[in-house]
Amino acid sequence: MTGSLVGRNLLAGAEPDPARDAGHRDAPPRMGFFTDTSVCIGCKACEVACKEWNAVPEDGLELTGMSYDNTQGLGASTWRHVAFVEQRKPLGNASAGGDGDLRWLMASDVCKHCTHAACLDVCPTGALFRTEFGTVVVQEDVCNGCGYCVPACPYGVIDQRPDDGRVWKCTLCYDRIGAGQEPACAKACPTDSIQYGPLDELRERAAARVEELHEVGVADARLYGHDPQDGVGGDGAFFLLLDEPEVYGLPPDPVVTTRDLPSMWRHAGLAALTAAAALTAVFAAHGRPGGGRAGSPRLRGPRMPGARLPGARLRGARVRGGWR
Amino acid sequence: MGVRAWFEGWPVYRQLTGDDPLGRGAAAMSPDTRALTPRTATADRVVKSICPYCAVGCAQNVYVKGNEIVQIEGDPDSPVSRGRLCPKGAASLQLTTGESRRHEVLYRRPHGTEWERLDLDTAMDMVAERVIATRRATWQDEQDGKRVNRTLGIASLGGATLDNEENYLIKKLFTALGVVQVENQARVCHSSTVAGLGTSFGRGGATTFLQDLQNSDCIVIEGSNFAECHPVGFQWVMEAKARGAKVIHVDPRFTRTSALADLHVPIRAGTDIAFLGGIVNHVLSTGSDFREYVLEYTNAATIVGEDFQDTEDLDGVFSGLDPDARHYDVTTWQYAGTEIQAASGERDELYERRADHKADMASAGRSESHGSGGAGFHGEPERDRTLQHPRCVYQILKRHFARYTPEMVERTCGVSPDAFRQVCEALVENSGPDRTSEFVYAVGWTQHSTGAQFIRTASILQLLLGNIGRPGGGIQALRGHASIQGSSDIPTLFNLLPGYIPMPHAHSHENLDAFIEAVKTDKGFWANMRSYVVSLLKAYWGENATADNDYCFGHLPRLTGSHSTYETVLAQLDGVCKGYFLLGENPAVGSANAKMQRLGMANLDWLVVRDFSLIESATWWKDGPEIETGELRTEDIATEVFFFPAAAHVEKAGSFTNTNRMLQWHFAAKEPDGEARSDLWFTYHLGRRIRRRLAASGDPRDRPVLDLTWDYPTEGTIEEPNAESVLAEINGRHAAGGPLSAYTELKDDGSTACGCWIYCGVYADGVNQAARRKPHTEQIWTAPEWAWAWPANRRILYNRASADPEGRPWSDRKALVWWDAEKGSWTGHDVPDYVADRPPSYRPAEGATGVDAISGVDPFIMQADGKGWLYAPAGLVDGPLPAHYEPQDSPVRNPLYAGQQRNPVRQVFAREANRFHPGPEEAGADVFPYVVTTYRLTEHFTAGGMSRWTPYLAELQPEFFCEVSPALAAERGLTHGGWAHLVSARGVVEARVLVTDRIRPLTAGGRTVHQIGVPYHWGPNGYTTGDAANDLTAMALDPNVHIQEVKALSADIRPGRRPRGPAVPKLLAEYRRRAGITADTGMEVRG
């Protein structure tokens, strides 16, 4: 055990090197995605390339009426999802000629590979783990389908497949990147909207891109999930958006649902000690202990009520047209 | 495993002893996870291939393990795609290895109600026998006393999704069999491109290549949904945008392309000539043209003959109109002092006196033969370099376009003067010596009854702005099938022989000399026509072709008018055409008036369908719409149907020609499974079987088949013909057998053989140049060592124009090729599209002919006068200049020419199933009040055969829908997500409704015009199903090239689903009654 881990809250707060802290001694640089939605053409190549590579099953023919989005959201069988948002709003730098007051936002969503990943923290089997690249991956040979991770995700990404019970999500193509290859979605992306690389480099590039867009008048451009100080310690997959995150179906201020777990455990421990002390006092007063029924509660840390944060279940939040 | 290892492998042990105290990382990894290896790393081999969908030509790496394809992804080495793929390309693995593909031959006997199994061998024999029998029964030695040497009893359709080698064999075999009705998707997609660009510049292909978009300062995308239909090509627009270029999208709908543009200009569908004409007027009236370029490189100064009368003089039509024959006599359009090409040559005087002769020739699609060589004339035209002569092209142009004012643009197109001004200014500001603008279009321009003239208008504009032949300039024609440029170049088209050599016409082309005399030009490379033709005949008939027998020229079947795919359907309905091959094309969904396509097939004796799955064109007899309505009964249909499963691109070798004339080789990764076979295999072995059966024949009609060179080496257990040997034949060889390296080596004495003269050089030095794969990162930006482009590996055509008349680049910023006086040659970043050692100072001697007649300043070396044609004195049949006419079915009165609503010489057929709508202001006009435009989506491909059966694509766009504005939804009571049905005089379809701001009503012609968008991918078969939009469309064609008008038509829309069964024809009859439609409706020539 390295000394650096002692006394730190490993579930929240500053975490510059999640891979090392997860026991990967000679970890390569942390890798991630930067999805620049300002150049996304909504072609969905990412969705298909992902499904082809990972053999993710087709999951339903439903015309949703949500613009050209018939995928609806990330799920067990959708690891990349392109959102389409039609707005009566100028694009910023577009001329006011014909449709200057109309814009069509497109954005490819994906698992955020959080610095503090609650799904991983709550997984009781070790199926979810932090890779040497700092990404978060489900091991399908370990997952037993308990589903604890599902409500833990502040983005509503990880999901169970009904026919199989296990959970599935983006692996950031763990197999490919381990062999020095690009993840399938990033490789296919025709306009380089999805960029893969060392997270540090991506963050620099993203900051420059925002500046560039601001210079040409796209005042709406902003980054999402890039900040190591945010509620999840920054995302391994972050975005350049052209509107508020809610517009794209993203939670505005996600917080790792296990942030307070250590303090909850401490409080629980303290409570247990207090209770034990009280009981001891009672028994001391009454002379004999009374069976085992009042033993300490079986704490299942992960199933904290706090894990259901507002906005955590995005799929529920996204209205499905309502005309079926 | 020892106990210790077992214990140490226990995650808890690792957690407690390692660096991962919380057990969330290294300690949690399972042995499987630790052993994870991508299948791209464990594949046995990586096979180089090309995406089979659109014509961008993205390179693919196919990973093979054992005999299984395990992954297909982009090849990062490609200069075009840089490793990227769109959703369709990314779905190639599922397309090729998925469960929806068929691998067995199926047979439907006459009047049968179900499919039966048939083994491949038996089926091939049966087809061979039917070809022979139908050919015999329908053979024509003569028509009207002239030798035609053909059968109209057999037709084929398809080729744009196939390899060049496959198209070559199909055309070769069918031509030898006397089959003239050989057609492919190029007819219905981009035939008007060939006529429009060919007559303007001398070649019918896009003038530039995709990567060059990055050099553009302003990109106008119009008539194309670039981002959706060619997503990987669109990366070059994004590159340009990143470098500061302005991107403008002019389109009826706000699409995914508009979303990325700086400016979207909504336009009424079918009015682009008015819009572009308005820009031409702006350029001319403000003197914003690039004067030196215009003067030196275009025909602006050329004087037109006295007899020419413009639309200004004749109330909306040009001189020479013969209303009875629905035809223009083009002689009055000529330059002063010249004579049109068709006037020469030996002809049949008796036939000549008949009124319909010229119409007959014109209808034979001759405009399309300018795919590589402009229209010709004899004589020396006069020029006025002051541009003041009232009959010089420049002045004619000024007068012609004067009425295309911003106000007229607004009234016609529904485009606001402000938006129009912005486009004009962007183009003018970004054109000139130091800047260039590029136009990008696709079938939004081609599929109109004036399609060729749409492209002509853009050509005129780009010539005036000096944007042709220069980096970042040009006209980019985006084609939509993997090899549709190839299936035009090596045509499976009725009117062409390989390399845009016209098919001979019965009444004018009696022998080789007469033919050559009639089709060659005096000047330029088209003057060497005899070498190209004789070399082709040598490739077809080898040693049997000799000087004594006219090189077997007599073996070629002759045309007598148009035999396009649409006339073929009529021939089927009339019982003339009895046998039909569908080779990767699905007309029951994809061609205009899909109902007539199906009815035509129901009248055949036999039908062969080769495809991946049971497409609608294979099963209409069982479950087509007419079976449902009761108009046809399965038991009554006598058509015998053969279904042959096709091999996929990864199961065969061959070349695709991409949208920019670039041939890229794809290698076979494995043999096809089951009875799936390539079309190379099918054609070759069908030919062998036919030849074997005819071997003993003494009938002279069988000589063309028996004399054919038809002996290609085969490989593997299935005896696949060697595709490279076919490519070598296409490239051509010397009599001694060595490969040719350029078409300049071709001879007219029979000492060279060449299957397609413009492809000569693709197998230079015996090396497959199309297979070259030098990474783009290791060469200059034009990437000349990646694959091979015709002509002569040039990437930007007419690039002599990138230099000024003295041979210097117009500016450093826009340098491409230039004259190097020291070396005495042209040099630069591209292969010069010019005589390499001809100095700018060269002037031809008087009377010079052929290549010697090209002056040192003339960049358009395939044109008869070396100039870009602002005015086309020959080559087109509906006008030397574009004029805006309304679509066949339009709710708007033509604002530009009050006296002429429609293209007077458009091709229309008055058939029961092909009725037209009343014109505006006629009684019943309000029955079909809305404009409909058809289109593609990113997630699907053409008629759906390669996407609707593919689950990963089907789920992305799972239902047929229509897009309407909120205003139209309110007007007709349509609800978002609900159902609507659309009705035309031809059919009714139902679709889910998307109400969206992306569609907006426009004000045009003094009224509100609502437009409805309908993607045309669906049909009743497949994994995602829906009605076919082409049940609404009509056969109304451009007269130059017979392309159908499906980008602008009219219809009604009503809420709710359509009726079922016999109620469908009843509904249509009721609509026709209400609109007062008769056989004469919409058939007028004038008015």
# chains A, B, ... in the order shown; residues from 1 in each chain; ligands from 1

call {"tool": "interface_residues", "arguments": {"of": "chain A", "to": "chain B", "cutoff": "7 Å", "atoms": "only C-alpha atoms", "output": "PyMOL selection string"}}
result
chain A and resi 1-2+21-24+41-45+48-49+52+58+60-63+65+70-71+94-95+97-99+103-104+120+126+129-131+139+175-176+187-191+323

call {"tool": "residues_around", "arguments": {"residues": "Leu240 in chain A", "least_positions_apart": "2", "cutoff": "7 Å", "atoms": "only C-alpha atoms", "output": "count of residues only"}}
result
8

call {"tool": "select_by_dssp", "arguments": {"residues": "range 166-210 of chain B", "states": "alpha helix (DSSP H)", "output": "short mmCIF file (atom, residue, chain, number, x, y, z; two decimals) with N, CA and C atoms, in the first residue's frame"}}
result
data_model
loop_
_atom_site.label_atom_id
_atom_site.label_comp_id
_atom_site.auth_asym_id
_atom_site.auth_seq_id
_atom_site.Cartn_x
_atom_site.Cartn_y
_atom_site.Cartn_z
N GLU B 166 -16.73 -5.19 -63.90
CA GLU B 166 -18.04 -5.81 -64.09
C GLU B 166 -18.87 -5.07 -65.13
N ASN B 167 -18.86 -3.74 -65.00
CA ASN B 167 -19.57 -2.94 -66.01
C ASN B 167 -19.01 -3.19 -67.40
N TYR B 168 -17.71 -3.32 -67.45
CA TYR B 168 -17.07 -3.53 -68.76
C TYR B 168 -17.56 -4.83 -69.39
N LEU B 169 -17.57 -5.89 -68.61
CA LEU B 169 -18.01 -7.18 -69.16
C LEU B 169 -19.49 -7.17 -69.50
N ILE B 170 -20.30 -6.51 -68.66
CA ILE B 170 -21.74 -6.45 -68.93
C ILE B 170 -21.99 -5.74 -70.26
N LYS B 171 -21.37 -4.58 -70.43
CA LYS B 171 -21.58 -3.82 -71.67
C LYS B 171 -21.04 -4.61 -72.87
N LYS B 172 -19.91 -5.25 -72.67
CA LYS B 172 -19.29 -5.98 -73.78
C LYS B 172 -20.16 -7.16 -74.21
N LEU B 173 -20.61 -7.94 -73.25
CA LEU B 173 -21.41 -9.12 -73.59
C LEU B 173 -22.75 -8.71 -74.19
N PHE B 174 -23.43 -7.78 -73.51
CA PHE B 174 -24.77 -7.42 -73.98
C PHE B 174 -24.71 -6.72 -75.34
N THR B 175 -23.68 -5.91 -75.56
CA THR B 175 -23.54 -5.26 -76.85
C THR B 175 -23.35 -6.31 -77.94
N ALA B 176 -22.52 -7.30 -77.64
CA ALA B 176 -22.30 -8.36 -78.63
C ALA B 176 -23.57 -9.17 -78.87
N GLN B 185 -27.82 3.16 -62.73
CA GLN B 185 -28.23 4.27 -61.88
C GLN B 185 -27.74 5.62 -62.39
N ALA B 186 -26.66 5.62 -63.18
CA ALA B 186 -26.13 6.89 -63.67
C ALA B 186 -27.21 7.63 -64.47
N ARG B 187 -28.08 6.89 -65.14
CA ARG B 187 -29.17 7.53 -65.87
C ARG B 187 -30.05 8.34 -64.94
N VAL B 188 -30.41 7.75 -63.80
CA VAL B 188 -31.40 8.38 -62.93
C VAL B 188 -30.75 9.29 -61.88
N CYS B 189 -29.42 9.32 -61.83
CA CYS B 189 -28.76 10.16 -60.82
C CYS B 189 -28.03 11.36 -61.40
N SER B 191 -26.94 11.74 -65.07
CA SER B 191 -26.74 11.85 -66.52
C SER B 191 -26.73 13.32 -66.94
N SER B 192 -27.52 14.15 -66.25
CA SER B 192 -27.55 15.57 -66.62
C SER B 192 -26.24 16.27 -66.27
N THR B 193 -25.50 15.71 -65.32
CA THR B 193 -24.17 16.24 -65.01
C THR B 193 -23.25 16.11 -66.22
N VAL B 194 -23.29 14.93 -66.83
CA VAL B 194 -22.41 14.69 -67.97
C VAL B 194 -22.71 15.67 -69.09
N ALA B 195 -24.02 15.89 -69.35
CA ALA B 195 -24.39 16.82 -70.41
C ALA B 195 -24.06 18.26 -70.02
N GLY B 196 -24.33 18.61 -68.78
CA GLY B 196 -24.13 20.00 -68.34
C GLY B 196 -22.67 20.38 -68.26
N LEU B 197 -21.87 19.56 -67.58
CA LEU B 197 -20.45 19.87 -67.45
C LEU B 197 -19.72 19.60 -68.77
N GLY B 198 -20.12 18.53 -69.44
CA GLY B 198 -19.45 18.13 -70.69
C GLY B 198 -19.55 19.21 -71.75
N THR B 199 -20.74 19.78 -71.94
CA THR B 199 -20.87 20.81 -72.97
C THR B 199 -20.20 22.10 -72.53
N SER B 200 -20.06 22.34 -71.25
CA SER B 200 -19.46 23.58 -70.77
C SER B 200 -17.94 23.55 -70.82
N PHE B 201 -17.39 22.39 -70.42
CA PHE B 201 -15.93 22.34 -70.24
C PHE B 201 -15.23 21.27 -71.07
#

call {"tool": "select_by_dssp", "arguments": {"residues": "range 492-655 of chain B", "states": "strand (DSSP E or B)", "output": "ChimeraX atom specification"}}
result
/B:496-497,501-502,505,523,559,579-583,606-611,640-646,654-655

call {"tool": "write_last_selection", "arguments": {"atoms": "C-alpha atoms", "output": "PDB file, in the first residue's frame"}}
result
ATOM      1  CA  LEU B 496     -22.585   5.255 -74.886  1.00  0.00           C
ATOM      2  CA  LEU B 497     -19.620   3.041 -75.533  1.00  0.00           C
ATOM      3  CA  ILE B 501     -17.903   7.281 -77.506  1.00  0.00           C
ATOM      4  CA  PRO B 502     -21.506   7.495 -78.708  1.00  0.00           C
ATOM      5  CA  HIS B 505     -27.206   5.423 -84.727  1.00  0.00           C
ATOM      6  CA  LYS B 523      -9.562  20.197 -82.943  1.00  0.00           C
ATOM      7  CA  LEU B 559     -29.902   2.982 -81.859  1.00  0.00           C
ATOM      8  CA  GLY B 579     -36.382 -10.339 -70.452  1.00  0.00           C
ATOM      9  CA  TYR B 580     -34.809  -8.103 -67.793  1.00  0.00           C
ATOM     10  CA  PHE B 581     -31.644  -8.203 -65.712  1.00  0.00           C
ATOM     11  CA  LEU B 582     -31.533  -6.193 -62.486  1.00  0.00           C
ATOM     12  CA  LEU B 583     -27.930  -6.027 -61.346  1.00  0.00           C
ATOM     13  CA  TRP B 606     -38.466 -13.539 -67.342  1.00  0.00           C
ATOM     14  CA  LEU B 607     -36.655 -11.438 -64.784  1.00  0.00           C
ATOM     15  CA  VAL B 608     -33.225 -11.926 -63.233  1.00  0.00           C
ATOM     16  CA  VAL B 609     -32.551 -10.131 -59.953  1.00  0.00           C
ATOM     17  CA  ARG B 610     -29.069 -10.109 -58.492  1.00  0.00           C
ATOM     18  CA  ASP B 611     -28.847  -8.578 -55.040  1.00  0.00           C
ATOM     19  CA  GLU B 640     -40.512 -16.183 -64.371  1.00  0.00           C
ATOM     20  CA  VAL B 641     -38.245 -14.747 -61.677  1.00  0.00           C
ATOM     21  CA  PHE B 642     -34.669 -15.799 -60.882  1.00  0.00           C
ATOM     22  CA  PHE B 643     -33.028 -14.492 -57.746  1.00  0.00           C
ATOM     23  CA  PHE B 644     -29.227 -14.772 -57.641  1.00  0.00           C
ATOM     24  CA  PRO B 645     -27.442 -13.785 -54.437  1.00  0.00           C
ATOM     25  CA  ALA B 646     -24.696 -11.268 -55.105  1.00  0.00           C
ATOM     26  CA  GLY B 654     -12.113  -4.786 -58.729  1.00  0.00           C
ATOM     27  CA  SER B 655     -12.044  -1.033 -59.038  1.00  0.00           C
TER      28      SER B 655
END

call {"tool": "atom_distance", "arguments": {"atom1": "CA of Phe275 in chain B", "atom2": "CA of Thr1003 in chain B"}}
result
14.6 Å

call {"tool": "residues_around", "arguments": {"residues": "Pro245 in chain A", "least_positions_apart": "6", "cutoff": "12 Å", "atoms": "only C-alpha atoms", "output": "ChimeraX atom specification"}}
result
/A:37,83,85,105,107,109,155,220-225,238-239,251-254,311,314

call {"tool": "closest_residue", "arguments": {"among": "A:Leu202, A:Leu172, A:Leu279, A:Leu11", "to": "Val122 in chain A", "atoms": "only C-alpha atoms"}}
result
A:Leu11

call {"tool": "atom_distance", "arguments": {"atom1": "CA of His649 in chain B", "atom2": "CA of Leu680 in chain B"}}
result
11.7 Å
